[in-house]
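Enquirer: The following file, protein-v1.cif, comprises mmCIF, C-alpha atoms and all ligand atoms:
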data_work
#
loop_
_atom_site.label_atom_id
_atom_site.label_comp_id
_atom_site.auth_asym_id
_atom_site.auth_seq_id
_atom_site.Cartn_x
_atom_site.Cartn_y
_atom_site.Cartn_z
CA MET A 68 -58.89 2.17 -30.33
CA LYS A 69 -61.00 -0.56 -28.74
CA ILE A 70 -60.29 -3.73 -26.75
CA ALA A 71 -61.10 -6.59 -29.13
CA GLY A 72 -60.20 -9.59 -27.00
CA ILE A 73 -58.28 -10.93 -24.00
CA GLU A 74 -56.39 -14.23 -24.02
CA ALA A 75 -55.14 -15.88 -20.82
CA LYS A 76 -52.77 -18.87 -20.59
CA LYS A 77 -51.39 -20.70 -17.58
CA VAL A 78 -47.64 -21.29 -17.24
CA VAL A 79 -46.16 -23.81 -14.80
CA LEU A 80 -42.47 -24.43 -14.15
CA PRO A 81 -40.81 -26.36 -11.34
CA LEU A 82 -38.55 -24.11 -9.22
CA ALA A 83 -34.95 -25.18 -8.74
CA LYS A 84 -35.41 -24.64 -4.99
CA GLU A 85 -38.59 -24.50 -2.92
CA PHE A 86 -39.41 -20.97 -1.70
CA ARG A 87 -40.43 -21.03 1.98
CA ILE A 88 -42.03 -18.29 4.08
CA SER A 89 -43.93 -18.41 7.39
CA LEU A 90 -47.22 -18.90 5.52
CA GLY A 91 -46.11 -21.97 3.60
CA ALA A 92 -43.92 -23.21 0.75
CA VAL A 93 -44.04 -22.82 -3.02
CA ALA A 94 -42.51 -25.55 -5.21
CA ASN A 95 -43.61 -24.40 -8.68
CA PHE A 96 -43.67 -21.16 -10.58
CA GLU A 97 -47.29 -20.75 -11.63
CA ALA A 98 -48.60 -17.73 -13.47
CA VAL A 99 -51.16 -16.67 -16.04
CA PHE A 100 -49.92 -14.65 -18.99
CA VAL A 101 -52.44 -12.36 -20.62
CA LYS A 102 -52.58 -10.80 -24.07
CA VAL A 103 -55.00 -7.93 -24.63
CA ILE A 104 -55.67 -7.34 -28.33
CA THR A 105 -57.11 -4.15 -29.82
CA ASP A 106 -59.08 -3.58 -33.02
CA GLU A 107 -56.09 -1.65 -34.41
CA GLY A 108 -53.72 -4.60 -34.14
CA LEU A 109 -51.83 -3.16 -31.18
CA PHE A 110 -51.59 -5.61 -28.28
CA GLY A 111 -50.20 -5.71 -24.76
CA TYR A 112 -48.92 -8.37 -22.38
CA GLY A 113 -49.75 -8.79 -18.73
CA GLU A 114 -49.09 -11.37 -16.03
CA ALA A 115 -50.99 -12.63 -13.02
CA SER A 116 -49.00 -14.33 -10.32
CA PRO A 117 -51.61 -15.47 -7.81
CA PHE A 118 -50.47 -16.54 -4.36
CA ALA A 119 -53.43 -18.25 -2.66
CA TYR A 120 -52.17 -17.58 0.88
CA VAL A 121 -52.16 -13.85 0.25
CA THR A 122 -54.63 -12.99 -2.52
CA GLY A 123 -56.93 -16.03 -2.29
CA GLU A 124 -56.43 -16.71 -6.00
CA THR A 125 -55.08 -19.62 -8.03
CA CYS A 126 -54.26 -19.73 -11.75
CA GLU A 127 -57.63 -21.40 -12.32
CA THR A 128 -59.59 -18.67 -10.52
CA VAL A 129 -57.56 -16.02 -12.37
CA ILE A 130 -58.46 -17.52 -15.76
CA ASP A 131 -62.10 -17.76 -14.68
CA ALA A 132 -62.18 -14.15 -13.42
CA ILE A 133 -60.53 -12.91 -16.62
CA SER A 134 -63.15 -14.67 -18.75
CA TYR A 135 -65.89 -12.78 -16.87
CA ILE A 136 -64.01 -9.49 -16.90
CA SER A 137 -63.08 -9.68 -20.59
CA LYS A 138 -66.74 -9.81 -21.64
CA ALA A 139 -67.32 -6.50 -19.81
CA LEU A 140 -64.22 -4.84 -21.26
CA THR A 141 -64.66 -5.72 -24.95
CA GLY A 142 -65.28 -2.55 -26.94
CA LEU A 143 -63.82 -0.16 -24.32
CA ASP A 144 -60.95 2.19 -25.14
CA PRO A 145 -57.72 0.89 -23.48
CA PHE A 146 -56.95 4.49 -22.45
CA SER A 147 -60.15 4.59 -20.33
CA ILE A 148 -58.21 3.07 -17.47
CA GLU A 149 -60.38 4.62 -14.73
CA ALA A 150 -63.62 3.32 -16.29
CA ILE A 151 -61.97 -0.04 -16.92
CA HIS A 152 -61.00 -0.45 -13.25
CA ARG A 153 -64.49 0.55 -12.14
CA THR A 154 -65.94 -1.99 -14.58
CA MET A 155 -63.58 -4.72 -13.34
CA ASP A 156 -64.53 -3.96 -9.73
CA ARG A 157 -68.22 -4.20 -10.62
CA VAL A 158 -67.73 -7.56 -12.32
CA THR A 159 -65.82 -9.02 -9.39
CA ALA A 160 -64.54 -7.87 -5.98
CA ARG A 161 -60.89 -8.59 -5.06
CA ASN A 162 -59.14 -10.88 -7.62
CA GLY A 163 -56.17 -8.49 -7.59
CA SER A 164 -53.88 -10.68 -9.70
CA ALA A 165 -56.45 -11.17 -12.45
CA LYS A 166 -57.06 -7.42 -12.58
CA ALA A 167 -53.32 -6.68 -12.43
CA ALA A 168 -52.66 -8.85 -15.48
CA ILE A 169 -55.21 -6.90 -17.52
CA ASP A 170 -54.04 -3.54 -16.11
CA ILE A 171 -50.40 -4.29 -17.00
CA ALA A 172 -51.40 -5.29 -20.55
CA LEU A 173 -53.40 -2.06 -20.92
CA TYR A 174 -50.46 0.06 -19.72
CA ASP A 175 -48.31 -1.85 -22.24
CA ILE A 176 -50.78 -0.87 -24.98
CA MET A 177 -51.09 2.76 -23.85
CA SER A 178 -47.33 3.32 -23.65
CA LYS A 179 -46.79 1.52 -26.99
CA ALA A 180 -49.40 3.79 -28.56
CA ALA A 181 -47.60 6.80 -27.05
CA GLY A 182 -44.29 5.48 -28.40
CA VAL A 183 -42.46 5.65 -25.07
CA PRO A 184 -41.23 3.13 -22.50
CA LEU A 185 -43.72 2.50 -19.70
CA TYR A 186 -41.67 4.25 -17.02
CA LYS A 187 -41.72 7.45 -19.12
CA PHE A 188 -45.43 7.04 -19.81
CA LEU A 189 -45.90 6.98 -16.01
CA GLY A 190 -43.91 10.20 -15.66
CA GLY A 191 -40.55 8.71 -14.71
CA SER A 192 -37.24 10.12 -15.82
CA GLN A 193 -34.68 7.58 -14.61
CA SER A 194 -34.50 3.99 -15.77
CA ASN A 195 -32.36 2.19 -13.17
CA VAL A 196 -33.99 0.33 -10.28
CA GLU A 197 -31.93 -1.45 -7.64
CA THR A 198 -33.58 -4.54 -6.20
CA ASP A 199 -32.92 -6.47 -3.05
CA MET A 200 -32.76 -10.28 -3.03
CA THR A 201 -34.85 -12.50 -0.76
CA ILE A 202 -33.53 -15.33 1.38
CA SER A 203 -36.32 -17.80 2.11
CA ILE A 204 -36.68 -19.77 5.36
CA ASP A 205 -34.25 -22.66 5.52
CA ASP A 206 -31.61 -24.12 7.81
CA PRO A 207 -29.85 -21.06 9.36
CA GLN A 208 -26.46 -22.29 8.10
CA ILE A 209 -27.81 -22.42 4.55
CA MET A 210 -29.37 -18.96 4.93
CA GLY A 211 -26.03 -17.61 6.17
CA GLN A 212 -24.20 -19.12 3.21
CA GLU A 213 -26.79 -17.67 0.85
CA ALA A 214 -26.21 -14.20 2.31
CA LYS A 215 -22.49 -14.55 1.61
CA ASP A 216 -23.07 -15.77 -1.97
CA LEU A 217 -25.61 -13.03 -2.73
CA SER A 218 -23.37 -10.30 -1.33
CA ASN A 219 -20.46 -11.62 -3.36
CA SER A 220 -22.60 -11.61 -6.49
CA GLY A 221 -23.36 -7.90 -6.00
CA PHE A 222 -26.62 -7.62 -4.05
CA ARG A 223 -26.42 -4.83 -1.47
CA MET A 224 -29.87 -5.33 0.08
CA LEU A 225 -31.14 -8.63 1.46
CA LYS A 226 -34.66 -9.44 2.60
CA ILE A 227 -34.82 -12.28 5.08
CA LYS A 228 -37.92 -14.35 5.60
CA ALA A 229 -38.71 -15.05 9.26
CA GLY A 230 -41.70 -15.66 11.50
CA GLY A 231 -41.30 -19.42 11.89
CA ASN A 232 -39.12 -20.75 14.70
CA ARG A 233 -37.75 -18.04 17.03
CA GLU A 234 -34.35 -19.63 17.70
CA ALA A 235 -33.83 -20.44 14.02
CA ASP A 236 -34.78 -16.87 13.01
CA LEU A 237 -32.22 -15.41 15.43
CA GLU A 238 -29.51 -17.90 14.50
CA ALA A 239 -30.10 -17.04 10.85
CA ILE A 240 -29.81 -13.25 11.32
CA ASP A 241 -26.63 -13.73 13.35
CA LEU A 242 -24.99 -15.75 10.56
CA ILE A 243 -26.34 -13.49 7.83
CA ARG A 244 -24.96 -10.35 9.49
CA LYS A 245 -21.56 -12.01 9.97
CA ASN A 246 -21.49 -13.11 6.34
CA ALA A 247 -22.84 -9.87 4.88
CA PRO A 248 -21.50 -7.18 7.23
CA ASN A 249 -22.38 -4.23 4.98
CA ALA A 250 -25.72 -5.39 3.59
CA HIS A 251 -28.96 -3.44 4.08
CA LEU A 252 -31.06 -6.08 5.87
CA LYS A 253 -34.84 -6.28 5.98
CA ILE A 254 -36.94 -8.87 7.83
CA ASP A 255 -40.26 -10.18 6.51
CA ALA A 256 -42.29 -12.17 9.06
CA ASN A 257 -45.30 -12.70 6.76
CA GLN A 258 -47.82 -12.35 9.64
CA GLY A 259 -45.90 -14.88 11.76
CA TRP A 260 -46.09 -13.21 15.17
CA LYS A 261 -48.49 -11.90 17.78
CA PRO A 262 -47.87 -8.22 18.65
CA ALA A 263 -45.96 -8.92 21.90
CA GLN A 264 -43.80 -11.54 20.15
CA ALA A 265 -43.15 -9.13 17.31
CA LEU A 266 -41.84 -6.52 19.74
CA GLU A 267 -39.60 -9.05 21.44
CA MET A 268 -38.21 -10.04 18.03
CA ALA A 269 -37.77 -6.41 16.97
CA ARG A 270 -35.70 -5.75 20.09
CA ALA A 271 -33.61 -8.87 19.39
CA TYR A 272 -33.06 -7.78 15.77
CA GLU A 273 -32.02 -4.24 16.70
CA LYS A 274 -28.34 -5.00 17.29
CA TYR A 275 -28.02 -6.45 13.78
CA GLY A 276 -28.83 -3.12 12.15
CA VAL A 277 -32.05 -4.38 10.57
CA GLN A 278 -33.65 -1.57 8.52
CA SER A 279 -37.28 -2.70 8.64
CA ILE A 280 -39.62 -5.48 9.75
CA GLU A 281 -42.34 -6.35 7.30
CA GLN A 282 -45.81 -7.57 8.27
CA PRO A 283 -44.93 -8.81 11.77
CA VAL A 284 -48.58 -9.56 12.72
CA PRO A 285 -51.65 -11.01 10.97
CA ALA A 286 -52.97 -8.98 8.02
CA TRP A 287 -56.29 -8.19 9.76
CA ASP A 288 -54.69 -6.86 12.95
CA LEU A 289 -54.14 -3.17 12.15
CA ASP A 290 -54.34 -2.23 15.85
CA GLY A 291 -51.66 -4.83 16.58
CA LEU A 292 -49.56 -3.45 13.73
CA ALA A 293 -49.95 0.08 15.14
CA TYR A 294 -48.98 -1.16 18.61
CA VAL A 295 -45.83 -2.82 17.26
CA ARG A 296 -44.97 0.24 15.20
CA ARG A 297 -45.34 2.56 18.25
CA HIS A 298 -42.92 0.53 20.37
CA SER A 299 -40.56 -1.09 17.88
CA PRO A 300 -36.97 0.19 17.66
CA ILE A 301 -37.03 -0.83 13.96
CA PRO A 302 -39.34 0.71 11.30
CA ILE A 303 -42.40 -1.41 10.47
CA MET A 304 -43.61 -2.19 6.95
CA ALA A 305 -47.17 -3.19 6.02
CA ASP A 306 -47.58 -5.80 3.26
CA GLU A 307 -50.50 -8.21 3.59
CA SER A 308 -52.38 -5.51 5.57
CA CYS A 309 -52.46 -3.23 2.52
CA PHE A 310 -54.31 -4.28 -0.63
CA THR A 311 -56.19 -1.10 -1.55
CA PRO A 312 -55.88 2.70 -1.39
CA GLN A 313 -58.48 2.53 1.41
CA ASP A 314 -56.23 0.14 3.36
CA ALA A 315 -53.36 2.60 2.92
CA PHE A 316 -55.58 5.37 4.29
CA LYS A 317 -56.53 3.28 7.35
CA ILE A 318 -52.87 2.42 7.97
CA ALA A 319 -51.97 6.10 7.74
CA LYS A 320 -54.80 7.10 10.08
CA LEU A 321 -53.76 4.53 12.70
CA GLU A 322 -50.06 5.35 12.16
CA ALA A 323 -49.69 1.58 11.80
CA ALA A 324 -46.66 1.49 9.48
CA ASP A 325 -43.54 3.41 8.51
CA ILE A 326 -43.42 1.93 5.00
CA ILE A 327 -46.04 0.31 2.73
CA ASN A 328 -45.18 -2.59 0.45
CA ILE A 329 -47.21 -2.22 -2.75
CA LYS A 330 -47.66 -5.29 -4.92
CA LEU A 331 -49.39 -5.19 -8.28
CA MET A 332 -50.92 -8.62 -7.56
CA LYS A 333 -52.57 -7.43 -4.34
CA CYS A 334 -53.95 -4.12 -5.54
CA GLY A 335 -55.01 -4.94 -9.11
CA GLY A 336 -52.23 -3.28 -11.10
CA ILE A 337 -50.44 -0.03 -11.80
CA TYR A 338 -53.49 2.25 -11.66
CA ARG A 339 -54.40 1.28 -8.08
CA ALA A 340 -50.72 1.08 -7.08
CA LEU A 341 -50.32 4.75 -8.01
CA GLN A 342 -53.37 5.60 -5.90
CA ILE A 343 -51.91 3.74 -2.90
CA CYS A 344 -48.64 5.56 -3.46
CA SER A 345 -50.40 8.94 -3.47
CA VAL A 346 -52.32 8.20 -0.26
CA ALA A 347 -49.10 7.05 1.40
CA GLU A 348 -47.12 10.03 0.14
CA SER A 349 -49.77 12.43 1.45
CA ALA A 350 -49.37 10.83 4.89
CA GLY A 351 -45.57 10.96 4.74
CA ILE A 352 -45.23 7.19 4.34
CA PRO A 353 -42.72 6.00 1.74
CA CYS A 354 -43.40 2.81 -0.25
CA MET A 355 -41.61 -0.25 -1.53
CA VAL A 356 -42.76 -2.17 -4.59
CA GLY A 357 -42.60 -5.90 -3.94
CA CYS A 358 -43.55 -8.95 -5.96
CA MET A 359 -45.07 -12.40 -5.74
CA MET A 360 -43.40 -15.20 -7.72
CA GLU A 361 -43.43 -13.05 -10.86
CA SER A 362 -41.60 -13.41 -14.15
CA ARG A 363 -40.31 -10.73 -16.52
CA ILE A 364 -43.67 -9.26 -17.59
CA ALA A 365 -44.89 -8.31 -14.10
CA ILE A 366 -41.38 -7.43 -12.90
CA ALA A 367 -40.88 -5.02 -15.83
CA ALA A 368 -44.18 -3.37 -14.86
CA GLY A 369 -43.19 -3.19 -11.18
CA ALA A 370 -39.79 -1.72 -12.00
CA ALA A 371 -41.38 0.91 -14.27
CA LEU A 372 -43.65 1.84 -11.37
CA VAL A 373 -40.65 2.24 -9.04
CA ALA A 374 -38.81 4.34 -11.64
CA SER A 375 -41.83 6.62 -12.02
CA HIS A 376 -42.42 7.71 -8.45
CA PRO A 377 -40.04 9.33 -5.92
CA ASN A 378 -42.17 8.13 -2.98
CA ILE A 379 -41.22 4.56 -3.90
CA ILE A 380 -37.85 4.26 -2.21
CA LEU A 381 -37.28 0.50 -2.27
CA ALA A 382 -37.71 -2.33 -4.75
CA ASP A 383 -38.12 -5.98 -3.89
CA LEU A 384 -38.37 -7.26 -7.46
CA ASP A 385 -36.21 -10.35 -7.35
CA SER A 386 -38.41 -13.32 -8.27
CA PHE A 387 -37.47 -13.31 -11.95
CA VAL A 388 -33.84 -14.18 -11.11
CA GLU A 389 -34.97 -17.77 -10.35
CA LEU A 390 -36.62 -17.96 -13.75
CA GLU A 391 -33.86 -16.60 -15.95
CA ASN A 392 -32.89 -18.79 -18.90
CA LYS A 393 -36.36 -20.36 -18.96
CA ASN A 394 -37.39 -18.11 -21.85
CA LEU A 395 -40.91 -17.52 -20.59
CA ALA A 396 -40.60 -13.91 -21.66
CA THR A 397 -37.75 -11.77 -22.91
CA GLY A 398 -36.84 -8.08 -22.98
CA GLY A 399 -38.21 -5.29 -20.84
CA PHE A 400 -34.97 -4.73 -18.96
CA GLU A 401 -31.43 -5.89 -18.53
CA PHE A 402 -30.26 -7.09 -15.17
CA ASP A 403 -26.88 -5.90 -14.03
CA THR A 404 -26.85 -7.23 -10.45
CA PRO A 405 -28.38 -5.62 -8.41
CA VAL A 406 -29.80 -3.09 -10.91
CA ILE A 407 -32.79 -3.59 -13.20
CA LYS A 408 -32.06 -1.40 -16.24
CA LEU A 409 -35.26 -0.58 -18.04
CA GLY A 410 -35.02 -0.50 -21.84
CA ASP A 411 -35.83 2.16 -24.44
CA ALA A 412 -38.45 0.14 -26.33
CA SER A 413 -41.95 1.54 -26.20
CA GLY A 414 -44.39 -0.10 -23.80
CA LEU A 415 -43.16 -2.79 -21.42
CA GLY A 416 -40.72 -3.92 -24.09
CA VAL A 417 -41.43 -7.55 -23.19
CA GLU A 418 -41.98 -10.36 -25.68
CA THR A 419 -43.34 -13.87 -25.15
CA ARG A 420 -43.96 -16.73 -27.55
CA LEU A 421 -46.67 -18.24 -25.37
CA PHE A 422 -49.51 -16.99 -27.57
CA GLU A 423 -48.02 -18.03 -30.94
MG MG A 501 -43.97 -9.43 2.43
#
Step by step, read the file and then write its structure as C-alpha cells.
Ligand code: MG
Expert:
Amino acid sequence: MKIAGIEAKKVVLPLAKEFRISLGAVANFEAVFVKVITDEGLFGYGEASPFAYVTGETCETVIDAISYISKALTGLDPFSIEAIHRTMDRVTARNGSAKAAIDIALYDIMSKAAGVPLYKFLGGSQSNVETDMTISIDDPQIMGQEAKDLSNSGFRMLKIKAGGNREADLEAIDLIRKNAPNAHLKIDANQGWKPAQALEMARAYEKYGVQSIEQPVPAWDLDGLAYVRRHSPIPIMADESCFTPQDAFKIAKLEAADIINIKLMKCGGIYRALQICSVAESAGIPCMVGCMMESRIAIAAGAALVASHPNIILADLDSFVELENKNLATGGFEFDTPVIKLGDASGLGVETRLFE
C-alpha cells in the first residue's frame, strides 16, 4: 500500500462562548481536516488544530506545511510510520499540528487495514476514557456557576484556567470549591506566573484540595519549573514546556514536573506521543493527554491514545463538547458524560463530509 495523496481543508466555526486563558482568547473554532488517500482506495482522516500562542501555527501555515510534506510522503507505505516521521522532520522542523494531522490519518489507515479500532491497534484493551471539563477565565461568579452546572451534568474532574489576575483567580477557586465540593480540581496557569508567584499561588490553592498545577511558569523556564516543583505543596504538570520526547527527557532529568501533559498538536501525533509517554514512564512520571480546540477526529485519536497506555492516567479531552451538533465529523466514540466510549469500528471510526 502506498500514500497516493493528501488533501487538507480549513474549517472555521464561531464558538458559542469565547474561550479565555492567560495567553489570550479564542473566538472561533479553526482547524484543518486532512484526508490521506492510498493507492488501494483505503483512506484516513486527520485533524490539525493549531494554536498560534502555543505551537506557532495557524490554519494557513498548516496547509502550507502539509503541501510541502505531502510531496515527500507520496509513494511511501503508510505503515512506515518511523520513516514517515523522519521524512516530515527533514521537510520542516516543528509544525506539530500539521504533522499530527497526517500522523492521525495514517494511524486511521493502519488500524483500518488491520481491521481493529485504533485503541486496540495501539495495544489498548479498554475503551472507556473519562475526561475532565475546562472552565475558562471569566468573572469568578460565572466560573463558580459553571462549576456547579458541570458537576450537576456529571463531570467529576474540572480544570480551571488561571494565571491572570491573582485576586480573581483566588475568588474563582473559592466559589468553584463551594459549588463543586467533591470535584477533582486542576489548575492551569498557561505560563502566567514567575516562579516565586507560582509558589505563592500554590500555597494559596492548597486548602482547596487542588490536585495539580499545570504550566505555572513560562515554557522556556525549566529551571523555574523545577524550582516550583521542589517547593510546591501541589503536584506540578508540564504542558507548554514539553513538545518532544527530548523535552520530556530534560524535564525528567531536572525533576521539573510530576506529570506531563501530552498533546498531539504539540508533539506531531500519536507516534511521538507514545515516545514521550515511554520516556516519562521510564522516569516514573505519569502523563495526561490534553487537547487544543479539537473536534471529533483529533479527540478520537487522543482518547485512543489514553486507552492504550497505563502511564496515561488523566484525560483532558473536552473541546469537542462545544462543537457537538455542528456535524463537522461524526462517529469515533459516544459521549456519556463524563466518559468517552470508543467504538468498535475499525480505525478511528470517524466520518466527515468535508471532502465530498
Ligand atoms: Mg495546559
Enquirer: Can I get the residues close to ligand MG 501 (chain A) as a VMD selection string, where close means within 12 Å and we count all atoms listed in the file?
Expert: chain A and resid 88 to 90 118 120 to 121 201 203 226 to 230 253 to 259 279 to 286 303 to 310 326 to 330 333 355 to 360 382 to 384
Enquirer: Write out the residues from the selection above, keeping C-alpha atoms, as a PDB file, in the coordinates of the input.
Expert:
ATOM      1  CA  ILE A  88     -42.030 -18.290   4.080  1.00  0.00           C
ATOM      2  CA  SER A  89     -43.930 -18.410   7.390  1.00  0.00           C
ATOM      3  CA  LEU A  90     -47.220 -18.900   5.520  1.00  0.00           C
ATOM      4  CA  PHE A 118     -50.470 -16.540  -4.360  1.00  0.00           C
ATOM      5  CA  TYR A 120     -52.170 -17.580   0.880  1.00  0.00           C
ATOM      6  CA  VAL A 121     -52.160 -13.850   0.250  1.00  0.00           C
ATOM      7  CA  THR A 201     -34.850 -12.500  -0.760  1.00  0.00           C
ATOM      8  CA  SER A 203     -36.320 -17.800   2.110  1.00  0.00           C
ATOM      9  CA  LYS A 226     -34.660  -9.440   2.600  1.00  0.00           C
ATOM     10  CA  ILE A 227     -34.820 -12.280   5.080  1.00  0.00           C
ATOM     11  CA  LYS A 228     -37.920 -14.350   5.600  1.00  0.00           C
ATOM     12  CA  ALA A 229     -38.710 -15.050   9.260  1.00  0.00           C
ATOM     13  CA  GLY A 230     -41.700 -15.660  11.500  1.00  0.00           C
ATOM     14  CA  LYS A 253     -34.840  -6.280   5.980  1.00  0.00           C
ATOM     15  CA  ILE A 254     -36.940  -8.870   7.830  1.00  0.00           C
ATOM     16  CA  ASP A 255     -40.260 -10.180   6.510  1.00  0.00           C
ATOM     17  CA  ALA A 256     -42.290 -12.170   9.060  1.00  0.00           C
ATOM     18  CA  ASN A 257     -45.300 -12.700   6.760  1.00  0.00           C
ATOM     19  CA  GLN A 258     -47.820 -12.350   9.640  1.00  0.00           C
ATOM     20  CA  GLY A 259     -45.900 -14.880  11.760  1.00  0.00           C
ATOM     21  CA  SER A 279     -37.280  -2.700   8.640  1.00  0.00           C
ATOM     22  CA  ILE A 280     -39.620  -5.480   9.750  1.00  0.00           C
ATOM     23  CA  GLU A 281     -42.340  -6.350   7.300  1.00  0.00           C
ATOM     24  CA  GLN A 282     -45.810  -7.570   8.270  1.00  0.00           C
ATOM     25  CA  PRO A 283     -44.930  -8.810  11.770  1.00  0.00           C
ATOM     26  CA  VAL A 284     -48.580  -9.560  12.720  1.00  0.00           C
ATOM     27  CA  PRO A 285     -51.650 -11.010  10.970  1.00  0.00           C
ATOM     28  CA  ALA A 286     -52.970  -8.980   8.020  1.00  0.00           C
ATOM     29  CA  ILE A 303     -42.400  -1.410  10.470  1.00  0.00           C
ATOM     30  CA  MET A 304     -43.610  -2.190   6.950  1.00  0.00           C
ATOM     31  CA  ALA A 305     -47.170  -3.190   6.020  1.00  0.00           C
ATOM     32  CA  ASP A 306     -47.580  -5.800   3.260  1.00  0.00           C
ATOM     33  CA  GLU A 307     -50.500  -8.210   3.590  1.00  0.00           C
ATOM     34  CA  SER A 308     -52.380  -5.510   5.570  1.00  0.00           C
ATOM     35  CA  CYS A 309     -52.460  -3.230   2.520  1.00  0.00           C
ATOM     36  CA  PHE A 310     -54.310  -4.280  -0.630  1.00  0.00           C
ATOM     37  CA  ILE A 326     -43.420   1.930   5.000  1.00  0.00           C
ATOM     38  CA  ILE A 327     -46.040   0.310   2.730  1.00  0.00           C
ATOM     39  CA  ASN A 328     -45.180  -2.590   0.450  1.00  0.00           C
ATOM     40  CA  ILE A 329     -47.210  -2.220  -2.750  1.00  0.00           C
ATOM     41  CA  LYS A 330     -47.660  -5.290  -4.920  1.00  0.00           C
ATOM     42  CA  LYS A 333     -52.570  -7.430  -4.340  1.00  0.00           C
ATOM     43  CA  MET A 355     -41.610  -0.250  -1.530  1.00  0.00           C
ATOM     44  CA  VAL A 356     -42.760  -2.170  -4.590  1.00  0.00           C
ATOM     45  CA  GLY A 357     -42.600  -5.900  -3.940  1.00  0.00           C
ATOM     46  CA  CYS A 358     -43.550  -8.950  -5.960  1.00  0.00           C
ATOM     47  CA  MET A 359     -45.070 -12.400  -5.740  1.00  0.00           C
ATOM     48  CA  MET A 360     -43.400 -15.200  -7.720  1.00  0.00           C
ATOM     49  CA  ALA A 382     -37.710  -2.330  -4.750  1.00  0.00           C
ATOM     50  CA  ASP A 383     -38.120  -5.980  -3.890  1.00  0.00           C
ATOM     51  CA  LEU A 384     -38.370  -7.260  -7.460  1.00  0.00           C
TER      52      LEU A 384
END
Enquirer: Choose the residue, out of A:Ile240, A:Leu217, A:Ala115, A:Ile379, that has the smallest atom-to-atom separation from Leu331 of chain A; count only C-alpha atoms.
Expert: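 Checking each of A:Ile240, A:Leu217, A:Ala115, A:Ile379 against Leu331 of chain A, counting only C-alpha atoms, the winner is A:Ala115.
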Enquirer: Using only C-alpha atoms for the distances, tell me which of A:Leu292, A:Ile380, A:Ala83, A:Ile169 is nearest to Val99 of chain A.
Expert: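 Counting only C-alpha atoms, the residue closest to Val99 of chain A is A:Ile169.
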Enquirer: Need to verify the contact set: segment 133-149 of chain A, 9 Å, all atoms listed in the file, exclusion of same-chain residues closer than 2 positions in sequence. Can you return it as a ChimeraX atom specification?
Expert: /A:68-75,105-106,128-131,151-155,158-159,165-166,168-170,173-174,176-177,338
Enquirer: Please determine, counting all atoms listed in the file, which residue among A:Asn392, A:Gln264, A:Ser413, A:Ser194 has the shortest atom-to-atom distance to Val295 of chain A.
Expert: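 Once distances to Val295 of chain A are computed over all atoms listed in the file, the minimum belongs to A:Gln264.
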Enquirer: In file coordinates, which residues lie within 10 Å of (-25.6, -8.4, -2.5) using all atoms listed in the file, given as a count of residues only?
Expert: 22
Enquirer: Which distance in Å separates atom CA of Phe86 of chain A and atom CA of Thr122 of chain A, to one decimal?
Expert: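 Rounded to one decimal, the two atoms are 17.2 Å apart.
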Enquirer: Find the residues near Leu242 of chain A: any atom within 7 Å, counting only C-alpha atoms, skip ones fewer than 4 places away on the same chain, and give them as a compact mmCIF listing (two decimals) with C-alpha atoms, keeping the file's coordinate frame.
Expert:
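File produced: result_23.txt:
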# COMPACT_ATOMS: atom_id res chain seq x y z
CA GLY A 211 -26.03 -17.61 6.17
CA GLU A 238 -29.51 -17.90 14.50
CA ASN A 246 -21.49 -13.11 6.34
Enquirer: Do a neighbour search on Ser375 of chain A at 8 Å with only C-alpha atoms, toss out local chain neighbours closer than 3 positions, and write the hits as a PDB file with C-alpha atoms, in the frame of the given file.
Expert:
ATOM      1  CA  TYR A 186     -41.670   4.250 -17.020  1.00  0.00           C
ATOM      2  CA  LYS A 187     -41.720   7.450 -19.120  1.00  0.00           C
ATOM      3  CA  LEU A 189     -45.900   6.980 -16.010  1.00  0.00           C
ATOM      4  CA  GLY A 190     -43.910  10.200 -15.660  1.00  0.00           C
ATOM      5  CA  GLY A 191     -40.550   8.710 -14.710  1.00  0.00           C
ATOM      6  CA  SER A 192     -37.240  10.120 -15.820  1.00  0.00           C
ATOM      7  CA  GLN A 193     -34.680   7.580 -14.610  1.00  0.00           C
ATOM      8  CA  ALA A 371     -41.380   0.910 -14.270  1.00  0.00           C
ATOM      9  CA  LEU A 372     -43.650   1.840 -11.370  1.00  0.00           C
TER      10      LEU A 372
END
Enquirer: Could you work out how far atom CA of Ala150 of chain A lies from atom CA of Lys76 of chain A, giving the answer in Å with one decimal?
Expert: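 Between these atoms lies a distance of 25.1 Å.
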Enquirer: Between atom CA of Phe422 of chain A and atom CA of Ile366 of chain A, what is the distance, to one decimal in Å?
Expert: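 Distance reported for this atom pair: 19.3 Å.
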Enquirer: Pick out the closest residue to Arg270 of chain A from this set: A:Leu395, A:Ala92, A:Leu237, A:Leu252. Count all atoms listed in the file.
Expert: A:Leu237
Enquirer: Can you report as AutoDock Vina command-line options the centre and edge lengths in Å, to one decimal, of an axis-aligned box around the listed atoms of segment 89-106 of chain A padded with 3 Å on each side?
Expert:
--center_x -50.8 --center_y -14.6 --center_z -12.8 --size_x 22.6 --size_y 28.0 --size_z 46.4
Enquirer: Fewer than 5 positions away in the same chain doesn't count, so skip those; otherwise give me all residues within 8 Å of Ala396 of chain A, counting all atoms listed in the file, as JSON, numbers by chain.
Expert: {"A": [362, 363, 364, 417, 418, 419, 420]}
Enquirer: Rank A:Pro312, A:Val406, A:Met332, A:Glu322 by their smallest atom-to-atom distance to Thr125 of chain A, using all atoms listed in the file, and report the top residue only.
Expert: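 Between A:Pro312, A:Val406, A:Met332, A:Glu322, the residue approaching Thr125 of chain A most closely is A:Met332.
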